[in-house]
Amino acid sequence: MDDRATSTGADQPEAILHGGDLAAISRRYPDAPRPWIDLSTGINPIAYPVPTIPPASWARLPAQAEDDALCAAAAARYGVAGPEMIVAAPGTQALLQILPRLRPRSRVAVLAPTYEEHALCWRRCGHRVGLVDDVDALADADVAVVVNPNNPTGRLLPRDVLVGLAATLRRRDGLLIVDEAFIDLCPADASLAADLPPATIVLRSFGKTYGLAGVRLGFAIDSADVVRRLRDELGPWAVSGPALAIGTTALADAAWLEQTRARLANDCQRIDDLLSKAGCAVIGGTPLFRLITSPNAPDIAERLARHGIHVRRFPAQPSWLRFGLPGNASEWHRLAPALGDAF
């Protein structure tokens, strides 16, 4: 297990850089065309239409009945046996920061490369964190973390592999955490949520698929006992009234999700064609983003930025770039010639 990412204290790594940092990129390229096209995130560029929010949702503390309604809608959407197995949080990130506090000092293995906040959150709580690139190496840890499908590679581990890993960990009082932030648009049987193995916590994100990251809403799925512990850690009124109302409505809207799935499939094919014509290799992705590799990736990102197009760079993998999807015809029309200039 690679322990290069286990430093603590004075040599703690710098804060992780994420996509969506348009203010910083616009300062760096003041002469770039406006408006910027932000392809640096894996967020649906066409958001769910926000319903009318009852005025009371802004004016009073959320009621328990509203939280219950949201968890019921999430249970139905994710195929979970009952809402008592779900806890809602102000974004999955909040759960990432709480989970390490619920375990004694442990050996944590994170299947990498992946979303770096997982390793950082466990490391900050004093756990020994290692990055592994082989699923079999996860079985030796006390806590194993898998992002499925993975961000940024799009790797999707089969359900039976994860179920077997959970069984191995359970025999040693271990824990499997599966972050399913990008699984909404995958086949339903790819998720563990509907038939949760023992010793497993599943995390689900609302904002990415529904294009409403600013709502800050995420879920953990586990046994009722673990869910109660997470609720205690989150404290009362963890999710805002408006977020409860939006999430409850959106998660119940199956028609919108199916239409979105079809649109994103077409858009992925379109961007794959653009990237291929530009001479770039698409090596992974999900219905919300594509990952490319090129020895000239830093130059490509630089040239796109000069066209006012922001893509995700990876300092640890300098040959990679991640492209989100354009959200309208104008963005598509700007991307095609910019790619031609960049390659």
# chains A, B, ... in the order shown; residues from 1 in each chain; ligands from 1
>>> residues_around(residues="Arg263 of chain A", least_positions_apart="4", cutoff="12 Å", atoms="only C-alpha atoms", output="short mmCIF file (atom, residue, chain, number, x, y, z; two decimals) with C-alpha atoms, in the first residue's frame")
data_model
loop_
_atom_site.label_atom_id
_atom_site.label_comp_id
_atom_site.auth_asym_id
_atom_site.auth_seq_id
_atom_site.Cartn_x
_atom_site.Cartn_y
_atom_site.Cartn_z
CA ASN A 44 -24.76 18.41 -15.36
CA PRO A 45 -24.68 21.69 -17.34
CA ILE A 46 -28.48 21.72 -17.73
CA LEU A 185 -26.90 7.59 -14.98
CA TRP A 256 -36.80 14.26 -16.18
CA LEU A 257 -34.08 11.77 -15.27
CA GLU A 258 -34.81 9.59 -18.30
CA GLN A 259 -34.79 12.58 -20.65
CA ASP A 267 -23.74 14.85 -25.84
CA CYS A 268 -21.05 12.36 -24.80
CA GLN A 269 -20.98 10.94 -28.31
CA ARG A 270 -20.74 14.46 -29.70
CA PRO A 287 -22.12 10.43 -18.83
CA LEU A 288 -21.11 13.73 -17.19
CA LEU A 325 -20.11 18.81 -21.29
CA PRO A 326 -21.19 22.09 -22.89
CA GLY A 327 -24.63 23.22 -21.86
CA ASN A 328 -25.95 25.07 -24.93
#
>>> residues_around(residues="Asp133 of chain A", least_positions_apart="6", cutoff="12 Å", atoms="only C-alpha atoms", output="list in words")
Met1, Asp2, Ala109, Val110, Leu111, Ala112, Pro113, Thr114, Val145, Val146 and Arg155 of chain A
>>> residues_around(residues="segment 22-25 of chain A", least_positions_apart="2", cutoff="8 Å", atoms="only C-alpha atoms", output="list in words")
Gly20, Arg27, Arg28, Tyr29, Trp36, Asp38, Ala305 and His310 of chain A
>>> write_last_selection(atoms="N, CA, C and O atoms", output="compact mmCIF listing (two decimals), in the first residue's frame")
# COMPACT_ATOMS: atom_id res chain seq x y z
N GLY A 20 -14.17 24.20 -11.33
CA GLY A 20 -15.14 25.24 -11.03
C GLY A 20 -14.56 26.54 -10.50
O GLY A 20 -15.31 27.43 -10.12
N ARG A 27 -8.85 35.50 -13.66
CA ARG A 27 -7.77 36.43 -13.31
C ARG A 27 -6.48 36.08 -14.02
O ARG A 27 -5.69 36.95 -14.39
N ARG A 28 -6.27 34.79 -14.22
CA ARG A 28 -5.04 34.35 -14.88
C ARG A 28 -5.05 34.66 -16.37
O ARG A 28 -4.00 34.88 -16.98
N TYR A 29 -6.24 34.68 -16.96
CA TYR A 29 -6.36 34.94 -18.40
C TYR A 29 -7.33 36.11 -18.61
O TYR A 29 -8.45 35.92 -19.08
N TRP A 36 -16.89 32.88 -19.86
CA TRP A 36 -16.12 31.65 -19.80
C TRP A 36 -17.04 30.44 -19.97
O TRP A 36 -18.19 30.44 -19.53
N ASP A 38 -17.22 26.83 -18.63
CA ASP A 38 -16.63 26.03 -17.56
C ASP A 38 -16.89 24.54 -17.81
O ASP A 38 -17.98 24.05 -17.52
N ALA A 305 -7.81 27.75 -22.51
CA ALA A 305 -8.05 28.86 -21.58
C ALA A 305 -7.97 30.20 -22.29
O ALA A 305 -8.73 31.12 -21.99
N HIS A 310 -12.46 26.50 -19.82
CA HIS A 310 -11.75 25.98 -18.66
C HIS A 310 -11.98 24.48 -18.56
O HIS A 310 -13.13 24.03 -18.47
>>> residues_around(residues="segment 190-203 of chain A", least_positions_apart="5", cutoff="6 Å", atoms="only C-alpha atoms", output="list in words")
Gly79, Val80, Arg170, Leu175, Leu176, Ile177, Val178, Asp179, Glu180, Phe219, Ala220, Ile221 and Asp222 of chain A
>>> write_last_selection(atoms="all heavy atoms", output="CSV table (one decimal), in the first residue's frame")
chain,number,residue,atom,x,y,z
A,79,GLY,N,-33.7,2.8,-4.8
A,79,GLY,CA,-34.1,1.5,-4.6
A,79,GLY,C,-33.7,0.9,-3.2
A,79,GLY,O,-33.6,-0.3,-3.0
A,80,VAL,N,-33.6,1.8,-2.2
A,80,VAL,CA,-33.2,1.4,-0.9
A,80,VAL,C,-34.4,0.8,-0.1
A,80,VAL,O,-35.6,1.3,-0.4
A,80,VAL,CB,-32.6,2.6,-0.1
A,80,VAL,CG1,-32.3,2.2,1.3
A,80,VAL,CG2,-31.4,3.1,-0.8
A,170,ARG,N,-15.7,-7.5,6.3
A,170,ARG,CA,-16.6,-7.8,7.4
A,170,ARG,C,-16.0,-8.8,8.4
A,170,ARG,O,-16.1,-8.7,9.6
A,170,ARG,CB,-17.9,-8.2,6.9
A,170,ARG,CG,-19.0,-8.4,8.0
A,170,ARG,CD,-20.2,-9.1,7.5
A,170,ARG,NE,-21.2,-9.2,8.5
A,170,ARG,CZ,-22.3,-10.0,8.4
A,170,ARG,NH1,-22.5,-10.8,7.4
A,170,ARG,NH2,-23.2,-10.0,9.4
A,175,LEU,N,-14.6,-2.1,7.1
A,175,LEU,CA,-15.6,-1.2,6.5
A,175,LEU,C,-15.3,-0.9,5.1
A,175,LEU,O,-14.2,-0.6,4.7
A,175,LEU,CB,-15.8,0.1,7.3
A,175,LEU,CG,-16.8,1.1,6.8
A,175,LEU,CD1,-18.2,0.6,6.9
A,175,LEU,CD2,-16.6,2.4,7.5
A,176,LEU,N,-16.3,-1.0,4.2
A,176,LEU,CA,-16.2,-0.6,2.8
A,176,LEU,C,-17.0,0.6,2.6
A,176,LEU,O,-18.2,0.7,3.0
A,176,LEU,CB,-16.7,-1.7,1.9
A,176,LEU,CG,-16.8,-1.3,0.4
A,176,LEU,CD1,-15.4,-1.0,-0.2
A,176,LEU,CD2,-17.4,-2.5,-0.4
A,177,ILE,N,-16.4,1.7,2.0
A,177,ILE,CA,-17.1,2.9,1.7
A,177,ILE,C,-17.1,3.0,0.2
A,177,ILE,O,-16.1,3.0,-0.4
A,177,ILE,CB,-16.5,4.1,2.3
A,177,ILE,CG1,-16.6,4.0,3.9
A,177,ILE,CG2,-17.2,5.4,1.9
A,177,ILE,CD1,-15.8,5.1,4.6
A,178,VAL,N,-18.3,3.1,-0.4
A,178,VAL,CA,-18.4,3.2,-1.9
A,178,VAL,C,-19.1,4.6,-2.2
A,178,VAL,O,-20.3,4.8,-1.8
A,178,VAL,CB,-19.2,2.1,-2.5
A,178,VAL,CG1,-19.3,2.2,-4.0
A,178,VAL,CG2,-18.6,0.7,-2.1
A,179,ASP,N,-18.4,5.4,-2.8
A,179,ASP,CA,-18.9,6.8,-3.2
A,179,ASP,C,-19.5,6.6,-4.6
A,179,ASP,O,-18.8,6.5,-5.6
A,179,ASP,CB,-17.7,7.8,-3.2
A,179,ASP,CG,-18.2,9.2,-3.6
A,179,ASP,OD1,-19.3,9.3,-4.0
A,179,ASP,OD2,-17.3,10.1,-3.4
A,180,GLU,N,-20.8,6.7,-4.7
A,180,GLU,CA,-21.5,6.5,-6.0
A,180,GLU,C,-22.0,7.9,-6.5
A,180,GLU,O,-23.1,8.0,-7.1
A,180,GLU,CB,-22.7,5.6,-5.8
A,180,GLU,CG,-22.3,4.1,-5.4
A,180,GLU,CD,-23.4,3.2,-5.4
A,180,GLU,OE1,-24.6,3.6,-5.3
A,180,GLU,OE2,-23.2,2.0,-5.3
A,219,PHE,N,-26.3,12.1,0.4
A,219,PHE,CA,-26.9,11.0,1.2
A,219,PHE,C,-25.9,10.0,1.6
A,219,PHE,O,-24.9,9.7,0.8
A,219,PHE,CB,-28.0,10.4,0.5
A,219,PHE,CG,-29.1,11.3,0.1
A,219,PHE,CD1,-29.1,11.9,-1.2
A,219,PHE,CD2,-30.2,11.6,0.9
A,219,PHE,CE1,-30.1,12.7,-1.6
A,219,PHE,CE2,-31.2,12.5,0.5
A,219,PHE,CZ,-31.1,13.1,-0.7
A,220,ALA,N,-26.0,9.4,2.8
A,220,ALA,CA,-25.3,8.1,3.1
A,220,ALA,C,-26.4,7.1,3.3
A,220,ALA,O,-27.5,7.3,3.9
A,220,ALA,CB,-24.5,8.3,4.4
A,221,ILE,N,-26.0,5.8,2.9
A,221,ILE,CA,-26.9,4.7,3.0
A,221,ILE,C,-26.3,3.6,3.8
A,221,ILE,O,-25.1,3.2,3.4
A,221,ILE,CB,-27.3,4.2,1.6
A,221,ILE,CG1,-28.0,5.4,0.8
A,221,ILE,CG2,-28.3,3.0,1.7
A,221,ILE,CD1,-28.1,5.1,-0.7
A,222,ASP,N,-26.9,3.1,4.8
A,222,ASP,CA,-26.3,2.1,5.7
A,222,ASP,C,-27.4,1.5,6.6
A,222,ASP,O,-28.6,1.9,6.4
A,222,ASP,CB,-25.1,2.6,6.5
A,222,ASP,CG,-24.2,1.5,6.9
A,222,ASP,OD1,-24.6,0.3,6.9
A,222,ASP,OD2,-23.1,1.7,7.4
>>> residues_around(residues="Phe314 of chain A", least_positions_apart="4", cutoff="10 Å", atoms="only C-alpha atoms", output="list of chain:residue names")
A:Leu17, A:His18, A:Pro152, A:Ala297, A:Pro298, A:Pro318, A:Ser319, A:Trp320, A:Leu321, A:Arg322
>>> write_last_selection(atoms="all heavy atoms", output="PDB file, in the first residue's frame")
ATOM      1  N   LEU A  17      -7.003  21.186  -5.118  1.00  0.00           N
ATOM      2  CA  LEU A  17      -7.629  22.027  -6.117  1.00  0.00           C
ATOM      3  C   LEU A  17      -8.744  21.245  -6.806  1.00  0.00           C
ATOM      4  O   LEU A  17      -8.575  20.083  -7.163  1.00  0.00           O
ATOM      5  CB  LEU A  17      -6.592  22.482  -7.148  1.00  0.00           C
ATOM      6  CG  LEU A  17      -5.443  23.326  -6.610  1.00  0.00           C
ATOM      7  CD1 LEU A  17      -4.455  23.643  -7.726  1.00  0.00           C
ATOM      8  CD2 LEU A  17      -5.954  24.607  -5.971  1.00  0.00           C
ATOM      9  N   HIS A  18      -9.885  21.902  -7.003  1.00  0.00           N
ATOM     10  CA  HIS A  18     -11.019  21.285  -7.669  1.00  0.00           C
ATOM     11  C   HIS A  18     -11.376  22.097  -8.898  1.00  0.00           C
ATOM     12  O   HIS A  18     -10.880  23.192  -9.116  1.00  0.00           O
ATOM     13  CB  HIS A  18     -12.217  21.203  -6.725  1.00  0.00           C
ATOM     14  CG  HIS A  18     -11.958  20.409  -5.489  1.00  0.00           C
ATOM     15  ND1 HIS A  18     -11.838  19.040  -5.513  1.00  0.00           N
ATOM     16  CD2 HIS A  18     -11.787  20.786  -4.198  1.00  0.00           C
ATOM     17  CE1 HIS A  18     -11.597  18.599  -4.288  1.00  0.00           C
ATOM     18  NE2 HIS A  18     -11.563  19.640  -3.472  1.00  0.00           N
ATOM     19  N   PRO A 152     -11.440  10.605 -11.773  1.00  0.00           N
ATOM     20  CA  PRO A 152     -11.875  11.020 -13.113  1.00  0.00           C
ATOM     21  C   PRO A 152     -11.845   9.935 -14.190  1.00  0.00           C
ATOM     22  O   PRO A 152     -12.143  10.240 -15.341  1.00  0.00           O
ATOM     23  CB  PRO A 152     -10.828  12.074 -13.456  1.00  0.00           C
ATOM     24  CG  PRO A 152      -9.560  11.511 -12.877  1.00  0.00           C
ATOM     25  CD  PRO A 152      -9.983  10.829 -11.590  1.00  0.00           C
ATOM     26  N   ALA A 297      -0.971  17.769 -22.980  1.00  0.00           N
ATOM     27  CA  ALA A 297      -2.125  18.216 -22.205  1.00  0.00           C
ATOM     28  C   ALA A 297      -1.948  19.610 -21.592  1.00  0.00           C
ATOM     29  O   ALA A 297      -2.882  20.423 -21.657  1.00  0.00           O
ATOM     30  CB  ALA A 297      -2.459  17.194 -21.129  1.00  0.00           C
ATOM     31  N   PRO A 298      -0.808  19.940 -20.982  1.00  0.00           N
ATOM     32  CA  PRO A 298      -0.685  21.293 -20.425  1.00  0.00           C
ATOM     33  C   PRO A 298      -0.840  22.389 -21.479  1.00  0.00           C
ATOM     34  O   PRO A 298      -1.478  23.420 -21.223  1.00  0.00           O
ATOM     35  CB  PRO A 298       0.724  21.292 -19.818  1.00  0.00           C
ATOM     36  CG  PRO A 298       1.006  19.850 -19.525  1.00  0.00           C
ATOM     37  CD  PRO A 298       0.361  19.097 -20.644  1.00  0.00           C
ATOM     38  N   PRO A 318      -0.029  14.845 -15.311  1.00  0.00           N
ATOM     39  CA  PRO A 318      -0.001  16.000 -16.216  1.00  0.00           C
ATOM     40  C   PRO A 318      -0.431  15.706 -17.647  1.00  0.00           C
ATOM     41  O   PRO A 318      -0.708  16.645 -18.395  1.00  0.00           O
ATOM     42  CB  PRO A 318       1.462  16.445 -16.162  1.00  0.00           C
ATOM     43  CG  PRO A 318       2.223  15.266 -15.654  1.00  0.00           C
ATOM     44  CD  PRO A 318       1.285  14.530 -14.749  1.00  0.00           C
ATOM     45  N   SER A 319      -0.520  14.437 -18.022  1.00  0.00           N
ATOM     46  CA  SER A 319      -0.963  14.119 -19.385  1.00  0.00           C
ATOM     47  C   SER A 319      -2.481  13.992 -19.486  1.00  0.00           C
ATOM     48  O   SER A 319      -3.005  13.729 -20.563  1.00  0.00           O
ATOM     49  CB  SER A 319      -0.309  12.817 -19.864  1.00  0.00           C
ATOM     50  OG  SER A 319      -0.748  11.716 -19.081  1.00  0.00           O
ATOM     51  N   TRP A 320      -3.196  14.176 -18.374  1.00  0.00           N
ATOM     52  CA  TRP A 320      -4.651  14.038 -18.369  1.00  0.00           C
ATOM     53  C   TRP A 320      -5.340  15.401 -18.403  1.00  0.00           C
ATOM     54  O   TRP A 320      -4.860  16.382 -17.827  1.00  0.00           O
ATOM     55  CB  TRP A 320      -5.118  13.333 -17.099  1.00  0.00           C
ATOM     56  CG  TRP A 320      -4.802  11.877 -17.002  1.00  0.00           C
ATOM     57  CD1 TRP A 320      -4.100  11.119 -17.888  1.00  0.00           C
ATOM     58  CD2 TRP A 320      -5.200  11.009 -15.940  1.00  0.00           C
ATOM     59  NE1 TRP A 320      -4.024   9.827 -17.450  1.00  0.00           N
ATOM     60  CE2 TRP A 320      -4.692   9.732 -16.247  1.00  0.00           C
ATOM     61  CE3 TRP A 320      -5.919  11.185 -14.764  1.00  0.00           C
ATOM     62  CZ2 TRP A 320      -4.895   8.630 -15.414  1.00  0.00           C
ATOM     63  CZ3 TRP A 320      -6.122  10.102 -13.935  1.00  0.00           C
ATOM     64  CH2 TRP A 320      -5.615   8.832 -14.259  1.00  0.00           C
ATOM     65  N   LEU A 321      -6.502  15.415 -19.045  1.00  0.00           N
ATOM     66  CA  LEU A 321      -7.437  16.534 -18.955  1.00  0.00           C
ATOM     67  C   LEU A 321      -8.842  15.949 -18.862  1.00  0.00           C
ATOM     68  O   LEU A 321      -9.150  14.964 -19.536  1.00  0.00           O
ATOM     69  CB  LEU A 321      -7.359  17.456 -20.177  1.00  0.00           C
ATOM     70  CG  LEU A 321      -6.076  18.248 -20.393  1.00  0.00           C
ATOM     71  CD1 LEU A 321      -6.142  18.986 -21.723  1.00  0.00           C
ATOM     72  CD2 LEU A 321      -5.829  19.227 -19.254  1.00  0.00           C
ATOM     73  N   ARG A 322      -9.691  16.567 -18.046  1.00  0.00           N
ATOM     74  CA  ARG A 322     -11.079  16.145 -17.957  1.00  0.00           C
ATOM     75  C   ARG A 322     -11.975  17.226 -18.544  1.00  0.00           C
ATOM     76  O   ARG A 322     -11.839  18.404 -18.201  1.00  0.00           O
ATOM     77  CB  ARG A 322     -11.478  15.873 -16.500  1.00  0.00           C
ATOM     78  CG  ARG A 322     -12.830  15.172 -16.363  1.00  0.00           C
ATOM     79  CD  ARG A 322     -13.238  15.074 -14.906  1.00  0.00           C
ATOM     80  NE  ARG A 322     -13.532  16.396 -14.360  1.00  0.00           N
ATOM     81  CZ  ARG A 322     -13.696  16.644 -13.058  1.00  0.00           C
ATOM     82  NH1 ARG A 322     -13.579  15.673 -12.185  1.00  0.00           N
ATOM     83  NH2 ARG A 322     -13.968  17.868 -12.639  1.00  0.00           N
TER      84      ARG A 322
END
>>> closest_residue(among="A:Ala144, A:Asn266, A:Ala213, A:Leu131", to="Ala243 of chain A", atoms="only C-alpha atoms")
A:Ala213
>>> atom_distance(atom1="atom CA of Ile271 of chain A", atom2="atom CA of Val311 of chain A")
13.2 Å
>>> closest_residue(among="A:Leu275, A:Leu251, A:Ala336, A:Cys280", to="His307 of chain A", atoms="only C-alpha atoms")
A:Ala336
>>> residues_around(residues="Arg101 of chain A", least_positions_apart="6", cutoff="10 Å", atoms="only C-alpha atoms", output="ChimeraX atom specification")
/A:121-122,124-127,233
>>> closest_residue(among="A:Ile292, A:Ala94, A:Ala65, A:Leu157", to="Ile183 of chain A", atoms="only C-alpha atoms")
A:Leu157
>>> closest_residue(among="A:Ala252, A:Val143, A:Leu162, A:Phe289", to="Ala75 of chain A", atoms="only C-alpha atoms")
A:Ala252
>>> closest_residue(among="A:Ala181, A:Val239, A:Ala119, A:Leu156", to="Ser57 of chain A", atoms="only C-alpha atoms")
A:Val239
>>> atom_distance(atom1="atom CA of Trp58 of chain A", atom2="atom CA of Gly207 of chain A")
19.8 Å
>>> closest_residue(among="A:Gly91, A:Gly324, A:Gly308, A:Pro315", to="Pro33 of chain A", atoms="only C-alpha atoms")
A:Gly308
>>> select_by_dssp(residues="segment 119-251 of chain A", states="helix (DSSP H, G or I)", output="ChimeraX atom specification")
/A:119-124,135-140,159-171,188-190,193-195,207-210,213-215,224-234,241-251
>>> atom_distance(atom1="atom CA of Arg303 of chain A", atom2="atom CA of Ala32 of chain A")
10.1 Å
>>> residues_around(residues="Asp67 of chain A", least_positions_apart="5", cutoff="9 Å", atoms="only C-alpha atoms", output="PyMOL selection string")
chain A and resi 62+72+87-88+237+239+241+244+248
